[in-house]
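Please read the structure below before turning to the comments.
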Amino acid sequence: MGTPLGDFVRAKRDSIRPESLGLAARPRGRAPGLRRIDLAGRAGISVEYLTRIEQGRDRNPSPAVVNALADGLSLDPAERVHLRYLAKVTTANCPGGRRPAPPPREVGPTVLATLRLLAPAPAYVTNPLGDVLAHTPGFAALFGPSGLLDVPQPNLTRYVFTDPRARATFPDWEHLADELAFDVGLGPSASASAWFTSVLAEEAGPEFTRRAHRHLPPPRPPLHLAHPEEGPLRWERQRLELPPPDTQSLVVLLPADEPTERAAERWERPERRGRGRPPLRALA
């Protein structure tokens, strides 16, 4: 069985054109990408050791090896951060298909206090599985009409892949689906990711499963949202990773264009505050 680290290294190696690194191009008809022997040479490790990493037979490479792989693959800064994260991810799978202990849904008091300071801006706390754990009234105003918050424990990933309203809510549905499917593999633990992947695969079918084993980080353009009152809105997402062990993130949505900025300003007017806007909510 592979590991997140091995899967990423192999996928990245396969995506690299050798000539982009100053190496000879592969002969026509050969498999594309960088050969193991080339990456091993650039990283200063043996081909046999690289093979063990890619196949998941070596699950504890040293930080020096991880950095050497990053250099050998010519990773950009974001990819290096991702590679180091994958090196730390546990690779245990769910035993017997049983559900592992669910990730904590509690949000710390200082995080809730931060959300209160951010209000009325749309902001929320989430984890890699897509759980919406707490949110500001601005987030409710933005996503309430979509139906995302209609359930006791809303989950953005499940909503996007299983709710028929999602494609109308998110005009760039394909991009968002790529992001969310990729994030599922990042935690909160490998067992939780494996369990959630198996459950969502049954619920969502091929639209999820064909994305579930992609190992390269997808692009993350501004979030395009179709709001029934405000029309098309575009939001930049600023994500703050919260301290372990809960693998939670605080995400703030910032206007990415003038129409969205005007809509945000209207929501901040005193006469509109409280109209159809629930208070700050931590979801149990």
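FYI, nothing fancy with the structure tokens labels: chains A, B, ... in order, residues from 1 per chain, ligands from 1 as they appear.
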Counting only C-alpha atoms, what are the residues of region 205-275 of chain A within 10 Å of region 151-163 of chain A, and for each of them which pair of atoms is the nearest and at what distance in Å, to one decimal? Sort the table by chain and rising number, as CSV.
```
residue,atom,partner,partner_atom,distance
A:Gly205,CA,A:Phe161,CA,8.7
A:Pro206,CA,A:Phe161,CA,10.0
A:Glu207,CA,A:Phe161,CA,7.3
A:Phe208,CA,A:Phe161,CA,6.8
```
Would you export the selected residues with N, CA and C atoms as a PDB file, in the first residue's frame, please?
```
ATOM      1  N   GLY A 205     -19.955   8.775  -5.848  1.00  0.00           N
ATOM      2  CA  GLY A 205     -19.657   8.063  -7.085  1.00  0.00           C
ATOM      3  C   GLY A 205     -18.444   8.593  -7.818  1.00  0.00           C
ATOM      4  N   PRO A 206     -18.422   8.442  -9.146  1.00  0.00           N
ATOM      5  CA  PRO A 206     -17.215   8.718  -9.935  1.00  0.00           C
ATOM      6  C   PRO A 206     -16.709  10.148  -9.850  1.00  0.00           C
ATOM      7  N   GLU A 207     -17.604  11.128  -9.662  1.00  0.00           N
ATOM      8  CA  GLU A 207     -17.128  12.512  -9.597  1.00  0.00           C
ATOM      9  C   GLU A 207     -16.134  12.692  -8.454  1.00  0.00           C
ATOM     10  N   PHE A 208     -16.324  11.934  -7.379  1.00  0.00           N
ATOM     11  CA  PHE A 208     -15.366  11.998  -6.275  1.00  0.00           C
ATOM     12  C   PHE A 208     -14.231  11.000  -6.472  1.00  0.00           C
TER      13      PHE A 208
END
```
Sorted per-residue table, region 158-224 of chain A near region 80-86 of chain A, closest atoms and distance, 10 Å, only C-alpha atoms, as a tab-separated table:
```
residue	atom	partner	partner_atom	distance
A:Gly185	CA	A:Leu86	CA	9.6
A:Leu186	CA	A:Leu86	CA	7.6
A:Gly187	CA	A:Leu86	CA	9.8
A:Leu216	CA	A:His82	CA	9.5
A:Pro217	CA	A:His82	CA	8.4
```
Generate the output file for the selected residues, N, CA and C atoms, as a CSV table (one decimal), in the first residue's frame.
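Wrote it out as selection-v8.csv, contents follow:
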```csv
chain,number,residue,atom,x,y,z
A,185,GLY,N,-7.4,14.0,1.7
A,185,GLY,CA,-6.2,13.2,1.9
A,185,GLY,C,-5.2,13.8,2.9
A,186,LEU,N,-5.4,15.0,3.4
A,186,LEU,CA,-4.5,15.7,4.3
A,186,LEU,C,-4.8,15.4,5.7
A,187,GLY,N,-5.8,14.7,6.1
A,187,GLY,CA,-6.0,14.5,7.5
A,187,GLY,C,-7.5,14.6,7.8
A,216,LEU,N,-1.2,15.7,-6.7
A,216,LEU,CA,-0.5,17.0,-6.9
A,216,LEU,C,-1.5,18.1,-6.5
A,217,PRO,N,-1.1,19.0,-5.7
A,217,PRO,CA,-2.0,20.1,-5.2
A,217,PRO,C,-2.6,20.8,-6.4
```
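Atom pair CA of Tyr49 (chain A) / CA of Gly6 (chain A): separated by 11.3 Å.
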Using only C-alpha atoms, determine which residues lie at most 12 Å from Pro109 (chain A), disregarding the query and same-chain residues fewer than 4 positions distant; provide the list as a CSV table (one decimal) with N, CA, C and O atoms, in the first residue's frame.
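What ended up in result_35.csv:
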```csv
chain,number,residue,atom,x,y,z
A,113,ALA,N,-13.3,33.7,19.7
A,113,ALA,CA,-13.1,35.2,20.0
A,113,ALA,C,-12.6,35.9,18.7
A,113,ALA,O,-13.0,37.0,18.4
A,114,THR,N,-11.7,35.2,18.0
A,114,THR,CA,-11.2,35.8,16.7
A,114,THR,C,-12.3,35.9,15.7
A,114,THR,O,-12.4,36.9,15.0
A,115,LEU,N,-13.2,34.9,15.6
A,115,LEU,CA,-14.3,35.0,14.7
A,115,LEU,C,-15.2,36.2,15.1
A,115,LEU,O,-15.7,36.8,14.2
A,116,ARG,N,-15.4,36.4,16.3
A,116,ARG,CA,-16.3,37.5,16.7
A,116,ARG,C,-15.6,38.9,16.3
A,116,ARG,O,-16.4,39.8,15.8
A,134,ALA,N,-17.5,26.1,12.9
A,134,ALA,CA,-18.0,27.4,13.5
A,134,ALA,C,-17.9,28.4,12.3
A,134,ALA,O,-17.2,28.3,11.4
A,282,ALA,N,-21.0,28.1,16.8
A,282,ALA,CA,-20.1,27.0,16.9
A,282,ALA,C,-21.0,25.8,16.8
A,282,ALA,O,-21.9,25.6,17.5
```
Exercise. Taking the backbone alone, and naming residues the way the document does, which bits of region 48-238 of chain A are helix (DSSP H, G or I) by DSSP, as a PyMOL selection string?
Worked result: chain A and resi 48-54+63-72+77-88+95-97+109-118+137-146+148-150+156-162+166-169+173-184+190-204+206-212
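Comparing the minimum interatomic distances between Pro218 (chain A) and each of A:Ser198, A:Ala40, A:His175, A:Leu129, counting only C-alpha atoms, we find that A:His175 sits nearest.
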